[in-house]
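Visitor: Okay, here's the structure, questions in a sec.
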Amino acid sequence: MKPFLYDLPILPEGFQFSVDYLDVAAADEGLDIEPWRLLSKDMALSLSYYGSMLLKFPGVALIPFAIIQDETGLYNDGWVVLACFDGEDRAGDPAVKVYDFSRPKSSPWDNLGYPNFTVWLEAAKEESVRYKSEREDLAQS
């Protein structure tokens, strides 16, 4: 299945996804970073959260690319967490901002961030190991 990469005229002019993100999004094998999942596999959800960020932060270009939506409540009490590219970054390796719906701030720049997708992905992999371990511990108790 072809990934959805906002192939519409909605991205900020001059914005470019990082090569690392494009490679991961285009890969057919599943990337296991649960509780995170890439939005490139779901056009409707991608567009929904893109619109949500536009409404929350008018004039700020945030491009959601990954989501945590853990309905079990184990992670973040079930609140949605989004990883977004900084749409103002035109260098081709945009910074990543994490928006946590349980802790809304007046600005997306007040939340956790990473210098680029590659650094975010490493952190997401580490977070995935912790999450799975915690979930396993709860299942065994």
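Chains: A, B, ... in order of the structure tokens. Residues: from 1 per chain. Ligands: from 1, in order shown.
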Sorted by chain and rising residue number, list the residues of range 56-76 of chain A at most 10 Å from range 12-28 of chain A (counting only C-alpha atoms), each with its closest atom pair and distance in Å to one decimal, as CSV.
Guide:
residue,atom,partner,partner_atom,distance
A:Val60,CA,A:Pro12,CA,9.9
A:Ala61,CA,A:Pro12,CA,7.0
A:Leu62,CA,A:Pro12,CA,9.4
A:Ile63,CA,A:Pro12,CA,9.3
A:Phe65,CA,A:Tyr21,CA,9.2
Visitor: Just the strand (DSSP E) stuff from chain A, please, per backbone DSSP, written as a list in words.
Guide: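 Across chain A, those assigned strand (DSSP E) are Trp36, Arg37, Leu38, Leu62, Ile63, Pro64, Phe65, Ala66, Ile67, Ile68, Val81, Leu82, Ala83, Cys84, Phe85, Asp86, Val96, Lys97, Val98, Tyr99, Asp100, Gly113 and Tyr114 of chain A.
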Visitor: Give the answer as one residue: which of A:Leu38, A:Ile67, A:Met1, A:Leu11 has the shortest atom-to-atom distance to Asp86 in chain A, using only C-alpha atoms?
Guide: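 The answer is A:Leu11, which sits nearest to Asp86 in chain A.
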Visitor: Would you mind listing what lies within 12 Å of Ser48 in chain A as a list in words, with only C-alpha atoms counted and same-chain residues fewer than 6 positions away left out?
Guide: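 The residues that qualify are Tyr6, Leu39, Asp42, Leu54, Leu55, Ile63, Pro64, Phe65, Ile67 and Leu82 of chain A.
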Visitor: Between CA of Tyr114 in chain A and CA of Ala95 in chain A, what distance in Å does the model show, to one decimal?
Guide: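 Distance reported for this atom pair: 5.9 Å.
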Visitor: Based on DSSP run over this structure's backbone, return all residues of chain A in helix (DSSP H, G or I), as a PyMOL selection string.
Guide: chain A and resi 19-26+39-41+43-56+76-78+108-110+117-140
Visitor: What's around Asp70 in chain A at 12 Å? Count only C-alpha atoms, leave out sequence neighbours fewer than 4 positions away in its own chain, and write the answer as a list in words.
Guide: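 My reading of the contact set: Glu34, Pro35, Trp36, Arg37, Leu74, Tyr75, Asn76, Asp77, Gly78, Trp79, Val80, Val81, Leu82, Tyr131 and Arg135 of chain A.
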Visitor: Any chance you can output those residues with N, CA and C atoms as an mmCIF file, in the first residue's frame?
Guide:
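Contents of the output file result.cif:
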data_model
loop_
_atom_site.group_PDB
_atom_site.id
_atom_site.type_symbol
_atom_site.label_atom_id
_atom_site.label_comp_id
_atom_site.auth_asym_id
_atom_site.auth_seq_id
_atom_site.Cartn_x
_atom_site.Cartn_y
_atom_site.Cartn_z
ATOM 1 N N GLU A 34 5.219 0.244 18.785
ATOM 2 C CA GLU A 34 4.027 0.368 19.633
ATOM 3 C C GLU A 34 4.395 0.939 20.988
ATOM 4 N N PRO A 35 3.706 1.931 21.475
ATOM 5 C CA PRO A 35 2.366 2.372 21.142
ATOM 6 C C PRO A 35 2.282 3.368 19.986
ATOM 7 N N TRP A 36 3.414 3.811 19.436
ATOM 8 C CA TRP A 36 3.401 4.711 18.289
ATOM 9 C C TRP A 36 3.006 3.943 17.038
ATOM 10 N N ARG A 37 2.380 4.650 16.111
ATOM 11 C CA ARG A 37 2.173 4.125 14.766
ATOM 12 C C ARG A 37 2.208 5.294 13.795
ATOM 13 N N LEU A 74 -3.177 2.467 29.378
ATOM 14 C CA LEU A 74 -1.856 2.193 29.937
ATOM 15 C C LEU A 74 -0.896 3.334 29.632
ATOM 16 N N TYR A 75 -0.925 3.824 28.398
ATOM 17 C CA TYR A 75 -0.044 4.911 28.017
ATOM 18 C C TYR A 75 -0.818 6.217 28.092
ATOM 19 N N ASN A 76 -0.371 7.131 28.905
ATOM 20 C CA ASN A 76 -0.896 8.488 28.961
ATOM 21 C C ASN A 76 -2.392 8.522 29.282
ATOM 22 N N ASP A 77 -2.842 7.573 30.056
ATOM 23 C CA ASP A 77 -4.255 7.492 30.449
ATOM 24 C C ASP A 77 -5.202 7.513 29.251
ATOM 25 N N GLY A 78 -4.709 7.053 28.104
ATOM 26 C CA GLY A 78 -5.541 6.977 26.908
ATOM 27 C C GLY A 78 -5.595 8.240 26.068
ATOM 28 N N TRP A 79 -4.934 9.301 26.495
ATOM 29 C CA TRP A 79 -4.923 10.543 25.720
ATOM 30 C C TRP A 79 -4.084 10.368 24.457
ATOM 31 N N VAL A 80 -4.482 11.037 23.397
ATOM 32 C CA VAL A 80 -3.745 11.014 22.133
ATOM 33 C C VAL A 80 -2.465 11.823 22.263
ATOM 34 N N VAL A 81 -1.407 11.308 21.648
ATOM 35 C CA VAL A 81 -0.127 12.008 21.550
ATOM 36 C C VAL A 81 0.254 11.997 20.071
ATOM 37 N N LEU A 82 0.649 13.153 19.548
ATOM 38 C CA LEU A 82 1.041 13.270 18.142
ATOM 39 C C LEU A 82 2.493 13.684 18.014
ATOM 40 N N TYR A 131 7.244 0.509 27.085
ATOM 41 C CA TYR A 131 5.794 0.307 27.048
ATOM 42 C C TYR A 131 5.453 -1.184 27.042
ATOM 43 N N ARG A 135 3.532 -3.277 29.912
ATOM 44 C CA ARG A 135 2.297 -3.983 29.575
ATOM 45 C C ARG A 135 2.405 -5.460 29.956
#
Visitor: Using only C-alpha atoms, which residue out of A:Pro94, A:Leu138, A:Ala83, A:Lys125 lies closest to Tyr49 in chain A?
Guide: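 Comparing A:Pro94, A:Leu138, A:Ala83, A:Lys125 against Tyr49 in chain A, the winner is A:Ala83.
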Visitor: Find the spatial neighbours of Leu112 in chain A, counting only C-alpha atoms, within a cut-off of 10 Å - ignore same-chain residues fewer than 4 positions away - and output them as a ChimeraX atom specification.
Guide: /A:83,96-100,108
